[in-house]
$ cat structure-v1.cif   # mmCIF, C-alpha atoms
data_work
#
loop_
_atom_site.label_atom_id
_atom_site.label_comp_id
_atom_site.auth_asym_id
_atom_site.auth_seq_id
_atom_site.Cartn_x
_atom_site.Cartn_y
_atom_site.Cartn_z
CA MET U 1 28.68 -21.35 17.84
CA GLN U 2 32.26 -21.39 16.60
CA SER U 3 34.02 -23.23 13.83
CA PRO U 4 37.49 -24.67 14.39
CA GLY U 5 38.97 -21.75 12.48
CA ILE U 6 41.09 -21.43 9.38
CA PHE U 7 44.80 -21.33 9.91
CA PHE U 8 46.51 -19.03 7.46
CA GLY U 9 50.14 -19.28 8.38
CA ALA U 10 52.86 -16.92 9.51
CA VAL U 11 52.37 -13.24 8.88
CA GLN U 12 54.17 -10.10 9.83
CA GLY U 13 57.50 -11.53 10.75
CA ARG U 14 57.35 -13.65 13.87
CA GLY U 15 53.58 -13.75 14.38
CA PHE U 16 50.85 -15.96 12.98
CA GLY U 17 47.11 -15.58 12.79
CA VAL U 18 43.98 -17.63 12.86
CA ILE U 19 40.80 -16.56 11.09
CA SER U 20 37.99 -17.93 13.15
CA MET U 21 34.48 -17.92 11.80
CA LYS U 22 31.67 -17.33 14.24
CA VAL U 23 27.95 -17.34 13.64
CA LYS U 24 26.21 -14.71 15.69
CA ALA U 25 22.57 -15.29 16.56
CA GLN U 26 20.30 -12.28 16.94
CA LYS U 27 16.57 -11.63 17.35
CA LYS U 28 16.29 -15.07 18.92
CA GLY U 29 12.69 -14.63 20.08
CA LEU U 30 11.54 -13.73 16.59
CA TYR U 31 13.48 -16.65 15.10
CA ILE U 32 11.95 -19.15 17.54
CA SER U 33 8.48 -17.75 16.76
CA LEU U 34 9.14 -18.09 13.02
CA LEU U 35 10.40 -21.65 13.51
CA ILE U 36 7.33 -22.66 15.52
CA VAL U 37 4.90 -20.99 13.11
CA SER U 38 6.49 -22.35 9.93
CA SER U 39 6.78 -25.88 11.37
CA GLY U 40 3.19 -25.68 12.59
CA LEU U 41 1.93 -24.63 9.17
CA LEU U 42 3.82 -27.50 7.56
CA ILE U 43 2.48 -30.11 10.01
CA ILE U 44 -1.10 -28.88 9.59
CA GLY U 45 -0.60 -28.71 5.81
CA LEU U 46 0.36 -32.40 5.73
CA GLY U 47 -3.29 -33.08 6.49
CA PRO U 48 -5.36 -35.64 8.38
CA GLY U 49 -3.43 -38.62 6.99
CA LEU U 50 -0.46 -37.69 9.17
CA PHE U 51 -2.58 -38.26 12.28
CA ASN U 52 -4.28 -41.38 10.90
CA HIS U 53 -7.69 -39.71 11.05
CA PRO U 54 -10.51 -41.38 9.09
CA ASP U 55 -10.74 -40.57 5.39
CA LEU U 56 -13.50 -37.98 4.91
CA GLY U 57 -12.74 -37.13 1.31
CA GLY U 58 -10.77 -33.99 2.02
CA TYR U 59 -12.99 -32.64 4.81
CA SER U 60 -10.99 -32.11 8.01
CA TRP U 61 -9.97 -29.35 10.38
CA GLN U 62 -6.63 -29.19 8.57
CA HIS U 63 -8.45 -28.53 5.30
CA MET U 64 -10.56 -25.86 7.04
CA VAL U 65 -7.39 -24.07 8.19
CA PHE U 66 -5.96 -23.79 4.68
CA ASP U 67 -9.27 -23.26 2.90
CA PRO U 68 -8.83 -19.46 2.64
CA VAL U 69 -5.40 -19.72 1.01
CA CYS U 70 -5.30 -22.92 -1.10
CA HIS U 71 -7.57 -24.63 -3.65
CA GLN U 72 -6.86 -28.06 -2.00
CA ILE U 73 -7.84 -30.08 -5.08
CA PRO U 74 -7.15 -33.76 -4.19
CA GLU U 75 -5.87 -34.54 -7.72
CA ARG U 76 -3.29 -31.78 -7.34
CA SER U 77 -2.20 -32.70 -3.82
CA PHE U 78 0.05 -35.38 -2.36
CA SER U 79 -1.49 -37.85 0.03
CA ILE U 80 -0.45 -39.56 3.26
CA ASN U 81 -2.07 -42.85 4.30
CA GLY U 82 -4.38 -42.52 1.32
CA GLN U 83 -5.69 -39.11 2.35
CA SER U 84 -4.98 -35.94 0.42
CA MET U 85 -2.98 -33.28 2.23
CA ALA U 86 -4.58 -30.02 3.33
CA VAL U 87 -2.53 -28.03 0.81
CA CYS U 88 -1.79 -28.61 -2.88
CA SER U 89 1.63 -29.83 -3.97
CA ARG U 90 2.82 -26.31 -4.90
CA SER U 91 1.80 -24.92 -1.51
CA LEU U 92 3.39 -27.91 0.22
CA GLY U 93 6.62 -26.99 -1.57
CA ILE U 94 6.33 -23.40 -0.36
CA TYR U 95 5.54 -24.25 3.28
CA GLY U 96 7.91 -27.24 3.35
CA GLY U 97 10.82 -25.43 1.72
CA PHE U 98 10.35 -22.44 4.00
CA ALA U 99 10.04 -24.50 7.21
CA VAL U 100 13.04 -26.71 6.43
CA MET U 101 15.25 -23.74 5.58
CA VAL U 102 14.15 -21.88 8.72
CA LEU U 103 15.13 -24.97 10.70
CA LEU U 104 18.52 -25.09 8.95
CA MET U 105 19.10 -21.32 9.24
CA PRO U 106 21.72 -21.54 12.02
CA LEU U 107 23.88 -23.76 9.80
CA ILE U 108 23.60 -21.80 6.55
CA PRO U 109 26.09 -18.98 7.32
CA ARG U 110 28.71 -21.57 8.30
CA PHE U 111 28.78 -23.03 4.80
CA PHE U 112 27.45 -20.34 2.48
CA THR U 113 27.72 -16.62 1.99
CA VAL U 114 24.24 -15.15 1.94
CA ILE U 115 23.99 -12.47 -0.78
CA ASN U 116 20.73 -10.61 -0.31
CA SER U 117 20.57 -8.93 -3.72
CA LEU U 118 20.94 -12.30 -5.45
CA LEU U 119 18.34 -13.94 -3.22
CA LEU U 120 15.86 -11.14 -3.86
CA LYS U 121 16.25 -11.79 -7.59
CA LEU U 122 15.75 -15.51 -6.94
CA ILE U 123 12.52 -14.80 -5.05
CA ILE U 124 11.19 -12.67 -7.92
CA ALA U 125 12.30 -15.29 -10.47
CA SER U 126 10.59 -18.10 -8.55
CA ILE U 127 7.32 -16.11 -8.40
CA VAL U 128 7.50 -15.44 -12.15
CA VAL U 129 8.30 -19.09 -12.97
CA ASN U 130 5.41 -20.34 -10.82
CA PHE U 131 3.06 -17.81 -12.45
CA VAL U 132 4.16 -18.85 -15.93
CA ASP U 133 3.82 -22.54 -15.00
CA VAL U 134 0.20 -22.03 -13.91
CA LEU U 135 -0.69 -20.06 -17.04
CA VAL U 136 0.89 -22.39 -19.60
CA ASN U 137 -0.64 -25.37 -17.83
CA TYR U 138 -4.05 -23.68 -17.89
CA PHE U 139 -3.73 -23.02 -21.63
CA SER U 140 -2.57 -26.65 -22.16
CA ILE U 141 0.82 -25.62 -23.55
CA TRP U 142 2.37 -28.15 -21.17
CA SER U 143 1.20 -30.34 -18.33
CA ASN U 144 2.90 -29.94 -15.00
CA THR U 145 3.02 -32.75 -12.45
CA LEU U 146 2.67 -33.09 -8.69
CA HIS U 147 6.45 -33.16 -8.37
CA SER U 148 7.17 -30.27 -10.75
CA ARG U 149 4.67 -28.10 -8.89
CA PHE U 150 6.18 -29.13 -5.56
CA TRP U 151 9.71 -28.21 -6.58
CA LEU U 152 8.65 -24.92 -8.14
CA GLY U 153 6.82 -24.06 -4.92
CA ALA U 154 9.87 -25.14 -2.92
CA SER U 155 12.09 -22.79 -4.95
CA PHE U 156 9.98 -19.90 -3.64
CA GLY U 157 9.85 -21.10 -0.02
CA VAL U 158 13.58 -21.87 0.12
CA SER U 159 14.69 -18.57 -1.42
CA LEU U 160 12.34 -16.65 0.91
CA ALA U 161 13.83 -18.28 4.01
CA LEU U 162 17.41 -17.87 2.72
CA TYR U 163 16.71 -14.17 2.20
CA LEU U 164 15.83 -13.82 5.89
CA THR U 165 18.82 -15.82 7.13
CA ASN U 166 21.23 -13.03 7.96
CA GLU U 167 18.58 -11.19 9.92
CA PHE U 168 18.84 -13.99 12.46
CA PHE U 169 22.31 -15.52 11.97
CA LYS U 170 25.30 -13.57 10.79
CA ARG U 171 28.71 -14.86 9.93
CA ILE U 172 31.50 -12.95 11.62
CA ASN U 173 35.09 -13.52 10.63
CA THR U 174 37.52 -12.56 13.34
CA GLN U 175 41.29 -12.60 13.12
CA GLU U 176 43.31 -13.45 16.17
CA ASN U 177 46.99 -12.70 15.95
CA TYR U 178 49.58 -14.55 17.96
CA TYR U 179 53.09 -13.31 18.21
CA GLY U 180 56.11 -15.38 19.07
CA GLU U 181 57.37 -15.11 22.62
CA MET P 182 20.05 11.98 12.83
CA GLU P 183 18.29 12.37 16.15
CA ASN P 184 15.29 13.78 14.33
CA GLU P 185 15.16 10.80 11.99
CA GLN P 186 15.27 8.36 14.90
CA MET P 187 12.44 10.19 16.64
CA THR P 188 10.39 9.97 13.47
CA ALA P 189 11.06 6.26 13.11
CA GLU P 190 10.03 5.64 16.69
CA ASN P 191 6.95 7.81 16.68
CA ALA P 192 5.55 7.40 13.17
CA SER P 193 2.16 5.75 13.34
CA TYR P 194 1.79 2.64 11.20
CA TRP P 195 -1.99 2.41 11.33
CA THR P 196 -2.57 4.17 8.01
CA SER P 197 -0.17 1.72 6.35
CA VAL P 198 -1.83 -1.21 8.11
CA PHE P 199 -5.23 -0.05 6.88
CA ILE P 200 -4.04 0.45 3.29
CA GLY P 201 -2.32 -2.97 3.19
CA GLY P 202 -5.31 -4.64 4.83
CA LEU P 203 -7.79 -2.92 2.52
CA ILE P 204 -5.95 -3.96 -0.65
CA ALA P 205 -5.59 -7.56 0.56
CA ALA P 206 -9.26 -7.60 1.61
CA VAL P 207 -10.50 -6.39 -1.77
CA VAL P 208 -8.31 -8.93 -3.60
CA LEU P 209 -9.41 -11.78 -1.29
CA SER P 210 -13.09 -10.82 -1.48
CA VAL P 211 -13.10 -10.58 -5.26
CA LEU P 212 -11.23 -13.89 -5.61
CA GLY P 213 -13.51 -15.53 -3.05
CA LEU P 214 -16.73 -14.37 -4.70
CA VAL P 215 -15.54 -15.20 -8.23
CA SER P 216 -14.48 -18.62 -6.98
CA GLN P 217 -17.89 -19.17 -5.31
CA TYR P 218 -19.81 -18.33 -8.47
CA MET P 219 -17.58 -20.57 -10.56
CA THR P 220 -17.97 -23.37 -8.05
CA VAL P 221 -21.77 -23.37 -8.10
CA ALA P 222 -21.70 -23.17 -11.89
CA SER P 223 -19.62 -26.38 -12.11
CA GLU P 224 -20.56 -30.03 -11.63
CA PRO P 225 -19.84 -31.28 -8.09
CA THR P 226 -17.79 -34.20 -9.39
CA GLY P 227 -15.83 -32.23 -11.98
CA SER P 228 -12.10 -32.70 -11.67
CA SER P 229 -10.72 -30.63 -14.54
CA PHE P 230 -8.50 -27.63 -13.86
CA THR P 231 -10.91 -24.69 -14.06
CA VAL P 232 -10.43 -20.93 -13.95
CA SER P 233 -11.69 -21.00 -10.38
CA GLN P 234 -8.95 -23.44 -9.42
CA ALA P 235 -6.34 -21.42 -11.30
CA ILE P 236 -7.41 -18.44 -9.19
CA GLY P 237 -6.99 -20.60 -6.07
CA THR P 238 -3.41 -21.31 -7.09
CA PHE P 239 -2.50 -17.71 -6.33
CA ALA P 240 -4.68 -17.35 -3.24
CA CYS P 241 -1.75 -18.20 -0.99
CA LEU P 242 0.48 -15.52 -2.49
CA LEU P 243 -2.24 -12.88 -2.84
CA GLY P 244 -3.61 -13.51 0.64
CA ALA P 245 -0.24 -12.52 2.07
CA ILE P 246 0.13 -9.35 0.03
CA GLY P 247 -1.18 -7.06 2.80
CA GLY P 248 1.90 -7.24 5.02
CA PHE P 249 4.21 -6.55 2.11
CA ILE P 250 2.20 -3.52 0.94
CA ALA P 251 1.78 -2.14 4.48
CA THR P 252 5.52 -2.27 5.27
CA ARG P 253 6.37 -0.72 1.90
CA HIS P 254 3.92 2.12 2.49
CA TYR P 255 5.17 2.69 6.04
CA ALA P 256 8.82 2.82 4.98
CA LYS P 257 8.24 5.05 1.95
CA GLU P 258 5.73 7.37 3.61
CA PHE P 259 8.05 8.31 6.47
CA ASP P 260 11.35 7.49 4.73
CA ILE P 261 12.50 5.42 7.70
CA THR P 262 14.13 2.14 8.54
CA PHE P 263 12.75 -0.24 11.14
CA PRO P 264 13.50 -3.74 12.45
CA ILE P 265 11.92 -6.78 10.82
CA GLY P 266 10.10 -7.52 14.07
CA LYS P 267 8.13 -4.31 13.58
CA GLY P 268 7.51 -5.39 9.97
CA ALA P 269 6.05 -8.67 11.28
CA LEU P 270 3.78 -6.75 13.65
CA ILE P 271 2.59 -4.43 10.87
CA GLY P 272 1.98 -7.47 8.63
CA LEU P 273 0.05 -9.28 11.36
CA MET P 274 -2.18 -6.23 11.88
CA ALA P 275 -2.68 -5.85 8.11
CA GLY P 276 -3.75 -9.51 7.91
CA LEU P 277 -6.28 -9.06 10.70
CA VAL P 278 -7.63 -5.85 9.14
CA ALA P 279 -7.90 -7.70 5.80
CA VAL P 280 -10.02 -10.42 7.39
CA VAL P 281 -12.34 -7.88 9.06
CA ILE P 282 -12.83 -5.84 5.85
CA SER P 283 -13.11 -8.95 3.68
CA THR P 284 -15.78 -10.35 6.03
CA LEU P 285 -17.68 -7.06 5.81
CA ILE P 286 -17.49 -7.02 2.00
CA THR P 287 -18.64 -10.65 1.81
CA TRP P 288 -21.44 -9.96 4.32
CA VAL P 289 -22.69 -6.96 2.33
CA TRP P 290 -22.56 -8.93 -0.93
CA THR P 291 -24.24 -12.07 0.39
CA THR P 292 -26.86 -10.17 2.39
CA LEU P 293 -27.83 -7.28 0.14
CA ILE P 294 -26.71 -8.10 -3.39
CA ASP P 295 -27.05 -11.87 -3.74
CA PRO P 296 -28.59 -13.59 -0.69
CA GLU P 297 -28.85 -16.90 -2.57
CA ILE P 298 -25.16 -17.52 -3.15
CA ASN P 299 -24.28 -18.85 0.34
CA GLN P 300 -27.01 -21.49 0.26
CA ALA P 301 -26.02 -22.46 -3.30
CA VAL P 302 -22.38 -22.98 -2.23
CA TYR P 303 -23.50 -25.02 0.78
CA ASP P 304 -25.78 -27.20 -1.36
CA TRP P 305 -22.95 -27.70 -3.86
CA ALA P 306 -20.61 -28.82 -1.06
CA ILE P 307 -23.19 -31.32 0.23
CA ALA P 308 -23.80 -32.64 -3.31
CA ASN P 309 -20.07 -32.96 -3.80
CA LEU P 310 -19.82 -34.90 -0.53
CA GLU P 311 -22.65 -37.25 -1.51
CA ALA P 312 -20.88 -38.01 -4.78
CA GLN P 313 -17.96 -39.51 -2.84
CA ASN P 314 -19.71 -42.75 -1.78
CA MET P 315 -19.05 -42.43 1.96
CA THR P 316 -20.74 -44.30 4.77
CA ASP P 317 -23.39 -42.41 6.76
CA ASP P 318 -21.03 -41.96 9.71
CA GLN P 319 -18.32 -40.53 7.49
CA MET P 320 -20.87 -38.24 5.84
CA GLU P 321 -21.97 -36.86 9.19
CA MET P 322 -18.39 -36.27 10.31
CA ALA P 323 -17.47 -34.62 7.00
CA LYS P 324 -20.54 -32.35 7.14
CA GLY P 325 -19.19 -30.97 10.40
CA PHE P 326 -16.33 -29.44 8.44
CA ILE P 327 -18.58 -27.65 5.95
CA PRO P 328 -19.44 -24.17 7.24
CA GLU P 329 -23.15 -23.38 7.48
CA PRO P 330 -24.41 -20.79 4.97
CA GLY P 331 -23.59 -17.23 6.03
CA ILE P 332 -20.77 -15.74 8.08
CA SER P 333 -19.33 -18.34 10.46
CA ILE P 334 -17.40 -17.19 13.54
CA VAL P 335 -15.15 -20.27 13.34
CA THR P 336 -14.32 -19.57 9.69
CA VAL P 337 -13.55 -15.91 10.47
CA LEU P 338 -11.27 -16.89 13.38
CA ILE P 339 -9.44 -19.47 11.26
CA SER P 340 -9.00 -16.94 8.45
CA ALA P 341 -7.71 -14.38 10.97
CA ALA P 342 -5.13 -16.85 12.30
CA VAL P 343 -3.89 -18.05 8.91
CA LEU P 344 -3.91 -14.69 7.14
CA GLY P 345 -2.43 -13.04 10.23
CA ILE P 346 0.50 -15.46 10.19
CA LEU P 347 1.06 -15.29 6.41
CA ASN P 348 0.94 -11.49 6.42
CA ALA P 349 3.30 -11.36 9.41
CA ILE P 350 5.81 -13.37 7.34
CA SER P 351 5.28 -11.10 4.32
CA GLY P 352 5.70 -8.13 6.68
CA LEU P 353 9.06 -9.59 7.78
CA VAL P 354 10.16 -9.80 4.17
CA GLY P 355 8.73 -6.37 3.34
CA ALA P 356 10.62 -4.77 6.23
CA LYS P 357 13.84 -6.33 4.99
CA VAL P 358 13.27 -5.24 1.38
CA PHE P 359 12.04 -1.69 2.01
CA ALA P 360 13.29 -0.69 5.46
CA SER P 361 16.45 -2.65 6.17
CA GLU P 362 18.57 -1.15 8.93
CA ASP P 363 21.77 -2.59 7.39
#

$ encode --input "structure-v1.cif" --output "structure tokens"
Amino acid sequence: MQSPGIFFGAVQGRGFGVISMKVKAQKKGLYISLLIVSSGLLIIGLGPGLFNHPDLGGYSWQHMVFDPVCHQIPERSFSINGQSMAVCSRSLGIYGGFAVMVLLMPLIPRFFTVINSLLLKLIIASIVVNFVDVLVNYFSIWSNTLHSRFWLGASFGVSLALYLTNEFFKRINTQENYYGE
Amino acid sequence: MENEQMTAENASYWTSVFIGGLIAAVVLSVLGLVSQYMTVASEPTGSSFTVSQAIGTFACLLGAIGGFIATRHYAKEFDITFPIGKGALIGLMAGLVAVVISTLITWVWTTLIDPEINQAVYDWAIANLEAQNMTDDQMEMAKGFIPEPGISIVTVLISAAVLGILNAISGLVGAKVFASED
């Protein structure tokens, strides 16, 4: 993977240089596994409505899969084809945000500089914000919505995947110098 | 330097896996049992946001805590760095250990301490299903997705797969946070 490069003009007398930006892929097997697993979790999490299965009021094999890790309350979940998803809207945000960013991982270093320390703070902040959102909603200080829960969940999933980006794809800037003949 | 590399290669991660798995198992078991008791104490058609459901909100995050704890313990105990792939493996193992220990805790509780709770949860689930005005065919199909009272092999296998995957991901992150080679 190689970008067209950034021309930076004549340097050092007669020569000129081109900074070319490459994205180096590493640990490909692990990345492919992560991509398959995260996409699989998202597809299963979308629930029986995605496969047009009959409406059984939230009882399906997809709901069984996520039963240990999500409350799956229909009123707090999105629905497809009239059937509630197998995960709540917050969990959908987490799994969806994570899966989409894992899919986009190869492109991220081409356009953004990944700063791990900042992303780690973002992860912690998103956990705290989600925690606070649940508590204040429980104590009726405010009412969150399907969409607010989804986006708060997504903030966690996205920042988690971004944090892992440069383990799999690293930006490498190389300078090639050309000298006049 | 050579010594450090030898340590990183040879250090056993099983103690860390067990500690991470044990902590996750205790958390999951306590949450699961509290949630069960709150469920049977509620009306089957209730739709308000209860404490039990608030607990469920964090189940996803807490269920994946084992991999994170195991990789932290492994890195700190031996003061080593290791690749994130190894972190994923440690997390996966911690998730599987968590399921085994959690199943044991639940089995002990529901067999020796409160043998009635499983049947009560099953009856609640059936009552909740009947309150949904389904046809008989739909009811029969839906009942197939409600685990019978007691420890179900299918449920344990599903938990192992899901918690294994989630803990493998948290192990990836844990390895990067606590044992990054960069």

$ resolve_selection --input "structure-v1.cif" --expression "the PyMOL selection byres ((chain U and resi 124-134) around 8)" --output "JSON list (two decimals) with C-alpha atoms, keeping the file's coordinate frame"
[["chain", "number", "residue", "atom", "x", "y", "z"],
["U", 120, "LEU", "CA", 15.86, -11.14, -3.86],
["U", 121, "LYS", "CA", 16.25, -11.79, -7.59],
["U", 122, "LEU", "CA", 15.75, -15.51, -6.94],
["U", 123, "ILE", "CA", 12.52, -14.80, -5.05],
["U", 135, "LEU", "CA", -0.69, -20.06, -17.04],
["U", 136, "VAL", "CA", 0.89, -22.39, -19.60],
["U", 137, "ASN", "CA", -0.64, -25.37, -17.83],
["U", 138, "TYR", "CA", -4.05, -23.68, -17.89],
["U", 144, "ASN", "CA", 2.90, -29.94, -15.00],
["U", 152, "LEU", "CA", 8.65, -24.92, -8.14],
["U", 153, "GLY", "CA", 6.82, -24.06, -4.92],
["U", 155, "SER", "CA", 12.09, -22.79, -4.95],
["U", 156, "PHE", "CA", 9.98, -19.90, -3.64],
["P", 235, "ALA", "CA", -6.34, -21.42, -11.30],
["P", 238, "THR", "CA", -3.41, -21.31, -7.09]]

$ interface_residues --input "structure-v1.cif" --of "chain U" --to "chain P" --cutoff "7 Å" --atoms "only C-alpha atoms" --output "MDAnalysis selection string"
chainID U and resid 30 56 59:61 64:65 68:71

$ resolve_selection --input "structure-v1.cif" --expression "the PyMOL selection byres ((chain P and resi 274-291) around 6)" --output "PyMOL selection string"
chain P and resi 198+201-203+205-206+210+247-248+271-273+292-296+341+344-345+348

$ resolve_selection --input "structure-v1.cif" --expression "the PyMOL selection byres ((chain U and resi 39-54) around 6)" --output "ChimeraX atom specification"
/U:35-38,55,62,80-81,83,85-87,95-96,99

$ write_last_selection --input "structure-v1.cif" --atoms "C-alpha atoms" --output "PDB file, in the coordinates of the input"
ATOM      1  CA  LEU U  35      10.400 -21.650  13.510  1.00  0.00           C
ATOM      2  CA  ILE U  36       7.330 -22.660  15.520  1.00  0.00           C
ATOM      3  CA  VAL U  37       4.900 -20.990  13.110  1.00  0.00           C
ATOM      4  CA  SER U  38       6.490 -22.350   9.930  1.00  0.00           C
ATOM      5  CA  ASP U  55     -10.740 -40.570   5.390  1.00  0.00           C
ATOM      6  CA  GLN U  62      -6.630 -29.190   8.570  1.00  0.00           C
ATOM      7  CA  ILE U  80      -0.450 -39.560   3.260  1.00  0.00           C
ATOM      8  CA  ASN U  81      -2.070 -42.850   4.300  1.00  0.00           C
ATOM      9  CA  GLN U  83      -5.690 -39.110   2.350  1.00  0.00           C
ATOM     10  CA  MET U  85      -2.980 -33.280   2.230  1.00  0.00           C
ATOM     11  CA  ALA U  86      -4.580 -30.020   3.330  1.00  0.00           C
ATOM     12  CA  VAL U  87      -2.530 -28.030   0.810  1.00  0.00           C
ATOM     13  CA  TYR U  95       5.540 -24.250   3.280  1.00  0.00           C
ATOM     14  CA  GLY U  96       7.910 -27.240   3.350  1.00  0.00           C
ATOM     15  CA  ALA U  99      10.040 -24.500   7.210  1.00  0.00           C
TER      16      ALA U  99
END

$ residues_near_point --input "structure-v1.cif" --point "(10.3, -2.2, 2.0)" --cutoff "10 Å" --atoms "all atoms listed in the file" --output "PyMOL selection string"
chain P and resi 249-257+261-263+268+352-361

$ axis_aligned_box --input "structure-v1.cif" --around "segment 122-130 of chain U" --padding-each-side "3 Å" --output "AutoDock Vina command-line options"
--center_x 10.6 --center_y -16.5 --center_z -9.0 --size_x 16.3 --size_y 13.7 --size_z 13.9

$ atom_distance --input "structure-v1.cif" --atom1 "atom CA of Ile298 of chain P" --atom2 "atom CA of Ala312 of chain P"
21.0 Å

$ atom_distance --input "structure-v1.cif" --atom1 "atom CA of Ser84 of chain U" --atom2 "atom CA of Gly97 of chain U"
19.0 Å

$ atom_distance --input "structure-v1.cif" --atom1 "atom CA of Phe168 of chain U" --atom2 "atom CA of Lys28 of chain U"
7.0 Å

$ closest_residue --input "structure-v1.cif" --among "P:Ile307, P:Leu270, P:Ile334, P:Phe259" --to "Asn191 of chain P" --atoms "only C-alpha atoms"
P:Phe259

$ residues_around --input "structure-v1.cif" --residues "segment 100-115 of chain U" --least-positions-apart "4" --cutoff "9 Å" --atoms "only C-alpha atoms" --output "number ranges by chain"
U: 3, 21-25, 31, 34-35, 38-39, 95-96, 119-120, 157-166, 168-171
